[in-house]
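J.: Following this line is start21.txt, made up of compact mmCIF, C-alpha atoms:
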# COMPACT_ATOMS: atom_id res chain seq x y z
CA MET A 1 -22.16 -27.17 4.66
CA PRO A 2 -20.72 -24.40 2.45
CA VAL A 3 -17.95 -25.30 0.04
CA SER A 4 -14.69 -23.64 -0.94
CA VAL A 5 -12.19 -23.98 -3.78
CA LEU A 6 -9.51 -24.55 -1.13
CA ASP A 7 -9.44 -27.37 1.41
CA PRO A 8 -7.92 -25.92 4.59
CA GLU A 9 -7.52 -29.40 6.10
CA ARG A 10 -4.83 -30.02 3.50
CA TYR A 11 -2.70 -27.29 5.07
CA ARG A 12 -3.61 -27.22 8.76
CA GLY A 13 -1.12 -29.96 9.53
CA ASP A 14 1.68 -27.63 8.43
CA PHE A 15 0.88 -25.31 11.34
CA ALA A 16 1.84 -26.98 14.61
CA ILE A 17 0.31 -24.23 16.73
CA LEU A 18 -3.18 -25.03 15.43
CA SER A 19 -3.08 -28.33 17.32
CA VAL A 20 -2.44 -26.77 20.74
CA SER A 21 -5.14 -26.29 23.34
CA SER A 22 -5.97 -23.26 25.44
CA PRO A 23 -5.18 -23.17 29.19
CA ARG A 24 -8.76 -24.37 29.73
CA GLY A 25 -8.25 -27.34 27.47
CA LYS A 26 -10.22 -25.96 24.52
CA PRO A 27 -8.90 -26.51 20.99
CA LEU A 28 -7.44 -23.34 19.51
CA VAL A 29 -9.63 -21.52 16.98
CA TYR A 30 -7.32 -18.83 15.67
CA LEU A 31 -9.25 -15.93 14.12
CA ASP A 32 -6.84 -13.04 14.60
CA ASN A 33 -5.07 -13.21 11.25
CA ALA A 34 -5.44 -9.52 10.43
CA ALA A 35 -3.18 -8.85 13.42
CA THR A 36 -0.67 -11.57 12.54
CA THR A 37 -0.78 -14.97 10.90
CA GLN A 38 0.71 -18.24 12.06
CA ARG A 39 3.78 -19.78 10.43
CA PRO A 40 4.00 -23.12 8.63
CA ARG A 41 6.82 -25.51 9.43
CA ALA A 42 8.54 -24.59 6.16
CA VAL A 43 9.01 -21.01 7.35
CA ILE A 44 10.11 -22.03 10.83
CA GLN A 45 12.55 -24.54 9.34
CA ALA A 46 14.02 -21.91 7.01
CA ILE A 47 14.73 -19.75 10.05
CA VAL A 48 16.28 -22.64 11.98
CA ASP A 49 18.37 -23.76 9.00
CA THR A 50 19.72 -20.25 8.53
CA TYR A 51 20.81 -19.92 12.14
CA GLU A 52 22.25 -23.43 12.23
CA HIS A 53 23.95 -23.58 8.84
CA HIS A 54 24.01 -20.29 6.92
CA TYR A 55 24.12 -17.34 9.33
CA ALA A 56 26.53 -14.43 9.05
CA ASN A 57 26.20 -10.72 8.35
CA VAL A 58 25.45 -9.81 4.74
CA HIS A 59 27.31 -7.67 2.18
CA ARG A 60 30.28 -7.36 4.55
CA GLY A 61 32.25 -10.50 5.30
CA ILE A 62 35.03 -11.67 3.00
CA HIS A 63 34.28 -15.31 3.69
CA TRP A 64 32.06 -18.07 2.29
CA LEU A 65 29.53 -17.98 5.13
CA SER A 66 28.77 -14.29 4.56
CA ASP A 67 28.56 -14.96 0.83
CA ARG A 68 26.04 -17.74 1.40
CA THR A 69 23.89 -15.63 3.73
CA THR A 70 24.03 -12.70 1.32
CA ASP A 71 22.82 -14.95 -1.50
CA LEU A 72 19.85 -16.14 0.58
CA TYR A 73 19.00 -12.59 1.66
CA GLU A 74 19.07 -11.32 -1.92
CA GLN A 75 17.04 -14.33 -3.10
CA ALA A 76 14.34 -13.08 -0.73
CA ARG A 77 14.38 -9.74 -2.54
CA ASP A 78 13.95 -11.56 -5.84
CA ALA A 79 11.00 -13.49 -4.38
CA VAL A 80 9.29 -10.25 -3.35
CA GLN A 81 9.97 -8.76 -6.79
CA ARG A 82 8.21 -11.71 -8.44
CA LEU A 83 5.35 -11.68 -5.95
CA ILE A 84 4.39 -8.06 -6.59
CA GLY A 85 5.45 -7.77 -10.23
CA ALA A 86 8.15 -5.13 -9.70
CA GLU A 87 10.16 -4.25 -12.80
CA ARG A 88 13.45 -3.90 -10.91
CA ARG A 89 14.72 -5.76 -7.86
CA GLU A 90 16.36 -2.53 -6.63
CA GLU A 91 12.88 -1.10 -6.08
CA VAL A 92 12.30 -3.60 -3.24
CA ILE A 93 13.41 -2.14 0.08
CA PHE A 94 13.43 -4.32 3.19
CA THR A 95 12.17 -2.59 6.35
CA ARG A 96 10.92 -3.79 9.73
CA GLY A 97 7.28 -3.67 8.64
CA THR A 98 4.50 -1.63 7.05
CA THR A 99 4.75 1.08 9.70
CA GLU A 100 8.43 1.69 9.02
CA SER A 101 7.83 1.60 5.27
CA ILE A 102 5.19 4.34 5.48
CA ASN A 103 7.32 6.38 7.87
CA LEU A 104 10.22 6.11 5.45
CA VAL A 105 8.12 7.68 2.70
CA ALA A 106 6.52 10.29 4.93
CA ARG A 107 9.91 11.42 6.23
CA SER A 108 12.11 11.06 3.15
CA TRP A 109 9.68 11.85 0.34
CA GLY A 110 7.95 14.45 2.52
CA GLU A 111 11.25 16.21 3.19
CA ALA A 112 12.03 16.36 -0.49
CA PHE A 113 8.66 17.30 -1.95
CA LEU A 114 6.17 18.74 0.58
CA ARG A 115 5.86 22.51 0.96
CA PRO A 116 3.59 24.85 2.98
CA GLY A 117 0.06 24.79 1.59
CA ASP A 118 0.41 21.36 -0.02
CA GLU A 119 -2.22 18.75 0.81
CA ILE A 120 -2.00 15.10 1.82
CA LEU A 121 -5.16 13.11 1.14
CA LEU A 122 -5.97 10.07 3.28
CA THR A 123 -9.21 8.19 4.04
CA GLU A 124 -11.31 7.86 7.17
CA MET A 125 -10.64 4.12 7.28
CA GLU A 126 -6.84 4.31 7.58
CA HIS A 127 -4.79 2.48 10.19
CA HIS A 128 -2.95 4.83 12.55
CA ALA A 129 0.28 3.85 10.76
CA ASN A 130 -1.04 5.61 7.66
CA ILE A 131 -2.31 8.65 9.56
CA VAL A 132 0.23 9.61 12.21
CA PRO A 133 3.30 9.77 9.91
CA TRP A 134 1.42 12.14 7.61
CA HIS A 135 0.35 14.39 10.49
CA GLN A 136 4.02 14.47 11.50
CA ALA A 137 5.05 15.27 7.93
CA ALA A 138 2.45 18.05 7.78
CA ALA A 139 3.73 19.53 11.05
CA ARG A 140 7.29 19.56 9.68
CA THR A 141 6.47 21.01 6.28
CA GLY A 142 3.36 23.16 6.67
CA ALA A 143 1.23 20.85 4.57
CA LYS A 144 -2.38 19.99 5.41
CA VAL A 145 -3.98 16.56 5.88
CA ARG A 146 -7.44 15.94 4.41
CA PHE A 147 -9.64 12.84 4.37
CA ILE A 148 -11.91 10.99 1.94
CA PRO A 149 -15.06 10.17 3.97
CA ILE A 150 -16.75 6.80 4.14
CA THR A 151 -20.43 5.98 3.70
CA ASP A 152 -22.62 4.37 6.33
CA GLU A 153 -22.12 1.08 4.45
CA GLY A 154 -18.38 1.23 5.10
CA VAL A 155 -17.08 2.05 1.63
CA LEU A 156 -15.28 5.16 0.46
CA ASP A 157 -17.49 8.05 -0.64
CA LEU A 158 -15.74 8.59 -3.95
CA SER A 159 -18.28 11.23 -4.96
CA SER A 160 -16.23 13.62 -2.80
CA LEU A 161 -12.94 12.77 -4.48
CA ASP A 162 -13.21 15.30 -7.30
CA GLN A 163 -13.79 18.08 -4.77
CA LEU A 164 -10.92 16.96 -2.52
CA LEU A 165 -8.33 16.55 -5.27
CA SER A 166 -6.65 19.66 -6.61
CA ALA A 167 -3.30 20.97 -7.78
CA ARG A 168 -2.43 21.30 -4.07
CA THR A 169 -2.74 17.53 -3.56
CA LYS A 170 0.78 16.14 -3.47
CA MET A 171 0.21 12.76 -1.81
CA VAL A 172 -2.72 10.34 -1.75
CA ALA A 173 -2.11 7.57 0.79
CA VAL A 174 -4.80 4.90 0.92
CA THR A 175 -5.26 1.44 2.34
CA ALA A 176 -5.95 -1.33 -0.16
CA VAL A 177 -8.09 -3.19 2.40
CA SER A 178 -9.47 -1.83 5.67
CA ASN A 179 -8.18 -3.74 8.69
CA VAL A 180 -11.51 -3.07 10.47
CA LEU A 181 -14.21 -3.11 7.79
CA GLY A 182 -12.55 -5.53 5.41
CA THR A 183 -13.50 -3.17 2.59
CA VAL A 184 -11.52 -3.75 -0.61
CA ASN A 185 -10.97 -0.28 -2.03
CA PRO A 186 -11.12 0.54 -5.79
CA LEU A 187 -7.44 1.41 -6.06
CA GLU A 188 -7.35 1.76 -9.83
CA SER A 189 -10.04 4.45 -9.82
CA ILE A 190 -8.46 6.34 -6.92
CA ILE A 191 -4.98 6.18 -8.45
CA THR A 192 -6.21 7.34 -11.87
CA LYS A 193 -7.90 10.39 -10.35
CA ALA A 194 -4.91 11.15 -8.13
CA LYS A 195 -2.57 11.03 -11.11
CA SER A 196 -4.83 13.40 -13.05
CA VAL A 197 -3.83 16.18 -10.63
CA GLY A 198 -0.18 15.10 -10.46
CA ALA A 199 -0.30 13.52 -7.01
CA THR A 200 2.02 10.80 -5.76
CA VAL A 201 0.24 7.68 -4.46
CA LEU A 202 1.14 5.35 -1.60
CA VAL A 203 -0.82 2.15 -0.98
CA ASP A 204 -0.91 0.52 2.45
CA ALA A 205 -1.12 -3.10 1.31
CA ALA A 206 -0.63 -4.78 4.69
CA GLN A 207 -4.09 -6.36 4.50
CA SER A 208 -4.07 -7.11 0.77
CA VAL A 209 -0.72 -8.59 -0.27
CA PRO A 210 -1.27 -11.71 1.92
CA HIS A 211 -4.68 -12.32 0.34
CA LEU A 212 -4.95 -10.84 -3.15
CA PRO A 213 -2.68 -10.84 -6.22
CA LEU A 214 -0.85 -7.55 -6.78
CA ASP A 215 1.03 -6.28 -9.83
CA VAL A 216 2.70 -2.98 -9.00
CA SER A 217 3.82 -2.46 -12.59
CA ARG A 218 0.15 -2.25 -13.63
CA LEU A 219 -1.34 -0.71 -10.50
CA GLY A 220 -0.03 2.79 -11.16
CA ALA A 221 0.89 3.61 -7.56
CA ASP A 222 4.27 5.07 -6.62
CA PHE A 223 4.80 3.29 -3.30
CA VAL A 224 3.41 0.07 -1.80
CA ALA A 225 4.03 -1.02 1.80
CA PHE A 226 3.37 -4.37 3.50
CA SER A 227 4.56 -6.69 6.29
CA GLY A 228 5.92 -10.22 6.38
CA HIS A 229 4.20 -11.37 9.57
CA LYS A 230 0.72 -10.96 8.07
CA MET A 231 1.55 -13.40 5.26
CA LEU A 232 2.97 -16.43 7.12
CA GLY A 233 6.41 -14.83 7.45
CA PRO A 234 8.39 -13.75 10.51
CA THR A 235 7.96 -10.53 12.42
CA GLY A 236 10.63 -7.89 11.94
CA VAL A 237 10.55 -7.73 8.15
CA GLY A 238 8.46 -5.57 5.85
CA VAL A 239 8.68 -4.23 2.33
CA LEU A 240 8.57 -0.83 0.73
CA TRP A 241 8.28 -0.96 -3.02
CA GLY A 242 8.82 2.36 -4.76
CA ARG A 243 9.40 3.60 -8.28
CA ALA A 244 13.14 3.75 -8.81
CA GLU A 245 13.11 7.31 -10.10
CA LEU A 246 11.28 8.48 -6.97
CA LEU A 247 13.50 6.53 -4.59
CA ASP A 248 16.56 7.96 -6.34
CA SER A 249 15.24 11.49 -5.77
CA MET A 250 14.68 11.00 -2.02
CA PRO A 251 17.26 11.49 0.75
CA PRO A 252 18.18 8.47 2.90
CA PHE A 253 15.78 7.79 5.77
CA LEU A 254 18.39 6.50 8.24
CA GLY A 255 22.15 6.99 8.36
CA GLY A 256 24.80 4.39 9.09
CA GLY A 257 26.36 1.26 7.72
CA SER A 258 25.26 -0.14 4.34
CA MET A 259 23.52 3.02 3.14
CA ILE A 260 26.76 4.82 2.30
CA ARG A 261 29.16 4.72 -0.61
CA ARG A 262 31.71 7.06 0.93
CA VAL A 263 32.09 8.96 4.22
CA THR A 264 34.50 11.79 4.92
CA LEU A 265 34.85 14.24 7.79
CA GLU A 266 33.01 16.73 5.61
CA GLY A 267 30.02 14.58 4.67
CA PHE A 268 28.89 11.40 2.94
CA GLU A 269 27.72 10.02 -0.36
CA PRO A 270 24.78 7.57 -0.24
CA ALA A 271 24.86 4.14 -1.83
CA GLU A 272 22.77 3.06 -4.77
CA LEU A 273 19.34 1.43 -4.39
CA PRO A 274 18.32 -0.60 -2.47
CA SER A 275 21.19 -0.14 0.01
CA LYS A 276 20.45 3.58 0.22
CA PHE A 277 17.41 2.82 2.40
CA GLU A 278 18.73 -0.23 4.28
CA ALA A 279 20.97 1.34 6.91
CA GLY A 280 22.59 -0.89 9.51
CA THR A 281 22.30 -4.65 9.72
CA PRO A 282 19.13 -5.55 7.79
CA PRO A 283 16.48 -8.10 8.85
CA ILE A 284 18.55 -11.00 7.49
CA VAL A 285 16.83 -14.06 8.90
CA PRO A 286 13.30 -12.57 8.79
CA ALA A 287 13.80 -11.83 5.09
CA ILE A 288 14.93 -15.40 4.43
CA GLY A 289 11.86 -16.60 6.33
CA LEU A 290 9.70 -14.33 4.20
CA ASP A 291 11.13 -16.00 1.10
CA ALA A 292 9.91 -19.36 2.44
CA ALA A 293 6.48 -17.87 3.19
CA ILE A 294 6.16 -16.53 -0.35
CA GLU A 295 7.09 -19.95 -1.74
CA TYR A 296 4.39 -21.54 0.44
CA LEU A 297 1.75 -19.03 -0.68
CA ASP A 298 2.77 -19.39 -4.33
CA ALA A 299 2.19 -23.15 -4.13
CA ILE A 300 -1.40 -22.57 -2.99
CA GLY A 301 -2.18 -19.47 -5.05
CA LEU A 302 -3.49 -16.15 -3.80
CA PRO A 303 -6.66 -16.33 -5.94
CA ALA A 304 -7.64 -19.59 -4.23
CA ILE A 305 -6.87 -18.10 -0.82
CA HIS A 306 -9.05 -15.08 -1.56
CA GLN A 307 -11.95 -17.23 -2.75
CA HIS A 308 -11.70 -19.37 0.38
CA GLU A 309 -11.75 -16.31 2.63
CA LEU A 310 -14.72 -14.92 0.71
CA ALA A 311 -16.62 -18.16 1.33
CA LEU A 312 -15.79 -17.97 5.05
CA THR A 313 -16.89 -14.33 5.19
CA ARG A 314 -20.20 -15.10 3.48
CA HIS A 315 -20.80 -17.92 5.95
CA ALA A 316 -20.00 -15.64 8.89
CA HIS A 317 -22.43 -12.97 7.63
CA GLU A 318 -25.18 -15.56 7.17
CA ARG A 319 -24.65 -17.12 10.58
CA PHE A 320 -24.50 -13.77 12.41
CA ALA A 321 -27.73 -12.70 10.67
CA GLU A 322 -29.47 -15.57 12.45
CA LEU A 323 -28.60 -14.23 15.89
CA GLY A 324 -30.00 -10.71 16.08
CA GLY A 325 -28.44 -8.17 18.39
CA VAL A 326 -25.18 -8.19 16.43
CA ARG A 327 -24.09 -5.27 14.25
CA LEU A 328 -21.73 -6.24 11.45
CA LEU A 329 -19.38 -3.50 10.31
CA GLY A 330 -18.50 -2.86 6.70
CA PRO A 331 -20.06 -3.78 3.38
CA ALA A 332 -21.41 -7.05 1.98
CA PRO A 333 -18.99 -9.99 1.71
CA GLU A 334 -18.49 -9.46 -2.04
CA GLN A 335 -16.83 -6.11 -1.27
CA LYS A 336 -14.69 -7.43 1.57
CA SER A 337 -11.66 -9.48 2.42
CA GLY A 338 -11.69 -12.10 5.17
CA VAL A 339 -12.41 -9.61 7.96
CA VAL A 340 -15.65 -9.60 9.95
CA SER A 341 -15.85 -6.94 12.65
CA PHE A 342 -18.94 -6.76 14.83
CA VAL A 343 -20.54 -5.24 17.90
CA VAL A 344 -22.75 -7.29 20.22
CA GLU A 345 -25.59 -5.20 21.57
CA GLY A 346 -25.12 -4.42 25.26
CA VAL A 347 -21.71 -6.12 25.54
CA HIS A 348 -18.33 -4.41 25.44
CA PRO A 349 -16.06 -5.89 22.75
CA HIS A 350 -13.38 -6.64 25.34
CA ASP A 351 -15.89 -8.75 27.29
CA VAL A 352 -16.86 -10.55 24.08
CA ALA A 353 -13.22 -11.35 23.34
CA GLN A 354 -12.57 -12.52 26.88
CA LEU A 355 -15.59 -14.81 26.91
CA LEU A 356 -14.63 -16.23 23.51
CA ASP A 357 -11.11 -16.77 24.76
CA GLY A 358 -12.60 -19.04 27.40
CA GLU A 359 -13.86 -21.19 24.54
CA GLY A 360 -10.44 -21.26 22.87
CA ILE A 361 -11.38 -18.70 20.21
CA ALA A 362 -8.80 -15.99 19.54
CA ILE A 363 -10.17 -12.73 18.10
CA ARG A 364 -9.20 -9.08 18.38
CA ALA A 365 -11.10 -6.47 20.36
CA GLY A 366 -10.54 -2.71 20.61
CA HIS A 367 -10.18 0.11 18.11
CA HIS A 368 -7.70 -1.89 15.99
CA CYS A 369 -5.42 1.14 15.60
CA ALA A 370 -8.23 2.96 13.78
CA MET A 371 -9.71 5.38 16.30
CA PRO A 372 -10.98 7.94 13.74
CA LEU A 373 -12.85 5.19 11.91
CA HIS A 374 -14.51 3.96 15.09
CA LYS A 375 -15.52 7.51 15.94
CA ARG A 376 -17.09 7.83 12.47
CA LEU A 377 -18.99 4.58 13.12
CA GLY A 378 -20.24 5.91 16.46
CA ILE A 379 -18.53 3.26 18.58
CA VAL A 380 -15.43 3.17 20.77
CA ALA A 381 -14.42 -0.39 19.95
CA SER A 382 -15.39 -3.53 18.05
CA SER A 383 -14.68 -7.26 17.98
CA ARG A 384 -12.88 -8.58 14.92
CA ALA A 385 -12.60 -12.06 13.47
CA SER A 386 -10.22 -12.43 10.54
CA PHE A 387 -9.63 -15.50 8.42
CA TYR A 388 -6.79 -17.12 6.51
CA LEU A 389 -6.11 -20.18 4.41
CA TYR A 390 -6.10 -22.61 7.37
CA ASN A 391 -9.47 -21.53 8.80
CA THR A 392 -12.52 -23.72 8.30
CA PHE A 393 -16.29 -23.30 8.20
CA ALA A 394 -16.33 -25.10 11.54
CA ASP A 395 -14.14 -22.28 12.92
CA VAL A 396 -16.79 -19.77 11.83
CA ASP A 397 -19.54 -21.89 13.42
CA HIS A 398 -17.60 -22.07 16.69
CA LEU A 399 -17.27 -18.28 16.63
CA VAL A 400 -20.96 -17.57 16.03
CA ASP A 401 -22.13 -20.26 18.45
CA ALA A 402 -19.86 -18.83 21.15
CA VAL A 403 -21.22 -15.32 20.54
CA ALA A 404 -24.77 -16.72 20.85
CA GLN A 405 -23.78 -18.44 24.09
CA THR A 406 -22.37 -15.15 25.35
CA GLN A 407 -25.64 -13.40 24.56
CA ARG A 408 -27.64 -16.05 26.43
CA ARG A 409 -25.32 -15.95 29.42
CA LEU A 410 -25.55 -12.18 29.74
CA ARG A 411 -29.33 -12.19 29.31
CA ARG A 412 -29.63 -14.59 32.25
CA LYS A 413 -27.54 -12.22 34.34
Could you show the structure in this file as structure tokens?

T.:
Amino acid sequence: MPVSVLDPERYRGDFAILSVSSPRGKPLVYLDNAATTQRPRAVIQAIVDTYEHHYANVHRGIHWLSDRTTDLYEQARDAVQRLIGAERREEVIFTRGTTESINLVARSWGEAFLRPGDEILLTEMEHHANIVPWHQAAARTGAKVRFIPITDEGVLDLSSLDQLLSARTKMVAVTAVSNVLGTVNPLESIITKAKSVGATVLVDAAQSVPHLPLDVSRLGADFVAFSGHKMLGPTGVGVLWGRAELLDSMPPFLGGGSMIRRVTLEGFEPAELPSKFEAGTPPIVPAIGLDAAIEYLDAIGLPAIHQHELALTRHAHERFAELGGVRLLGPAPEQKSGVVSFVVEGVHPHDVAQLLDGEGIAIRAGHHCAMPLHKRLGIVASSRASFYLYNTFADVDHLVDAVAQTQRRLRRK
């Protein structure tokens, strides 16, 4: 049996949902963590405690309950600042998720800085949330969207980067980790080259922050976006980190309560960071839950989590290689996160997922919000297993054995 630096059995008891059974009485094998992770009791309890003992609106009420809730909400901002190594807490903006964070930049930064003829450089492996907002920004401003291609091995073809980058390149927006291929991209190299032509850089870190250490003060990017629900936290909360000087130079994304300092019949004056980009009632309880999730992850350590996922990914690659008739997408495990996407010869990915569901195994099937990438790969869809700290080698074996059973069943038919 393979070994890992992390013992998932030590933590599985913290996740009540992992002990439930499927409608067919099969134990749950949850392998859809790239879509969303499960929550430990500590996070659920933080949410319950807030609603039962600490809940009020923040930054508004002149009473002790609002003060207490505000303190907890702002403690969550401090936790995010520490997690990602931000120099200033005001650079941490709470949003509803990665998608809103990227849209905030595309709309606000794009309005301020994009002009006709400018270029926005993306990659062929981007999630739709890091493609569509930039097409919309290009349509509004007259800019053009270009793409870094990928190789047949599922890594970025950086040999094309020097030709794609120019003085016209104003934004380079790149995923840290592909949600389909699992590819861990060489951000430092990309950012260095982007900065050499004066481009601004946004990193979609939805698939990296939950799994890999990140220090934004050293990374060199200008914006980083990620979601709480992919890192043991609640849905409804995400983060945009941005350099303070850039955020200061951008117009507010949404208008309303909290983001204003003064309103008159003639106009308004926006508030200081971070309130400037947190219009309306913010995600109060989700942010407090995210604080609990960060504390839980800190106690384990992201390096240990990454090494555990790497061991699971290696095991999955080795086991799938025994089957035949299965195409694994993306590079070798050493270049990946805990994502293993695959295509079973002669079987639609939806059928694979449905048959695995009958065995209690939860995976994702479809284009995973990455249609251009699937077109580049010559397929319309794929099946995806994705791992996290509570997954075991036995989970991987159940997955591969169920795929083998599916192959045998369909051959008989």

J.: Using only C-alpha atoms, which residues sit within 9 Å of Asp7 of chain A once same-chain residues fewer than 3 positions away are excluded, as a tab-separated table (two decimals) with C-alpha atoms, keeping the file's coordinate frame?

T.:
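And here is the file that came out, around.tsv:
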chain	number	residue	atom	x	y	z
A	3	VAL	CA	-17.95	-25.30	0.04
A	4	SER	CA	-14.69	-23.64	-0.94
A	10	ARG	CA	-4.83	-30.02	3.50
A	11	TYR	CA	-2.70	-27.29	5.07
A	308	HIS	CA	-11.70	-19.37	0.38
A	389	LEU	CA	-6.11	-20.18	4.41
A	390	TYR	CA	-6.10	-22.61	7.37
A	392	THR	CA	-12.52	-23.72	8.30

J.: So which one's closest to Leu254 of chain A, A:Leu214, A:Val339, A:Ile17, A:Val105? Using only C-alpha atoms, please.

T.: A:Val105

J.: Taking all atoms listed in the file into account, name the residue in A:Met371, A:Val80, A:Val5, A:Ala271 that is nearest to Gln307 of chain A.

T.: A:Val5

J.: Can you work out which one of A:Thr175, A:Thr313, A:Thr70, A:Ser337 has the shortest atom-to-atom distance to Val396 of chain A, counting only C-alpha atoms?

T.: A:Thr313

J.: Mind pulling up the distance from atom CA of Ser208 of chain A to atom CA of Pro303 of chain A?

T.: 11.7 Å

J.: What lies within 7 Å of segment 113-128 of chain A using all atoms listed in the file, ignoring chain neighbours under 4 positions off, as a list in words?

T.: Trp109, Val132, Thr141, Gly142, Ala143, Lys144, Val145, Arg146, Phe147, Ile148, Pro149, Ile150, Arg168, Thr169, Lys170, Met171, Val172, Ala173, Val174, Thr175, Ser178, Cys369, Ala370, Pro372 and Leu373 of chain A

J.: My list of candidates is A:Ala167, A:Leu312, A:Val403, A:Ala139. Which is closest to Pro349 of chain A when distances are computed with all atoms listed in the file?

T.: A:Val403

J.: Write out as a PyMOL selection string which residues come within 12 Å of Ala321 of chain A when counting all atoms listed in the file, dropping same-chain ones fewer than 6 positions away.

T.: chain A and resi 314-315+327-328+342+400+404

J.: Would you mind telling me which residue in A:Asp14, A:His229, A:Gly220, A:Asp357 lies nearest to Gln45 of chain A when using only C-alpha atoms?

T.: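 Smallest distance to Gln45 of chain A is found for A:Asp14.
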
J.: Could you work out how far atom CA of Ile93 of chain A lies from atom CA of Val239 of chain A, giving the answer in Å with one decimal?

T.: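 Those two atoms sit 5.6 Å apart.
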
J.: I need every residue sitting at most 12 Å from the point (26.4, 8.7, -1.8) (coordinates as in the file, only C-alpha atoms considered), written as number ranges by chain.

T.: A: 248, 250-252, 255-256, 258-264, 267-273, 275-277

J.: In terms of the shortest atom-to-atom distance over all atoms listed in the file, which of A:Ala381, A:Ile284, A:Ala292, A:Ala112 is closest to Met231 of chain A?

T.: A:Ala292

J.: Using atom CA of Ala16 of chain A and atom CA of Thr235 of chain A as the two end points, give the distance in Å to one decimal.

T.: 17.7 Å

J.: For Gly338 of chain A, please output as a list in words all residues within 8 Å (counting only C-alpha atoms; exclusion window: fewer than 6 positions along the same chain).

T.: Gly182, His306, Glu309, Leu310, Leu312, Thr313, Ser386, Phe387 and Tyr388 of chain A
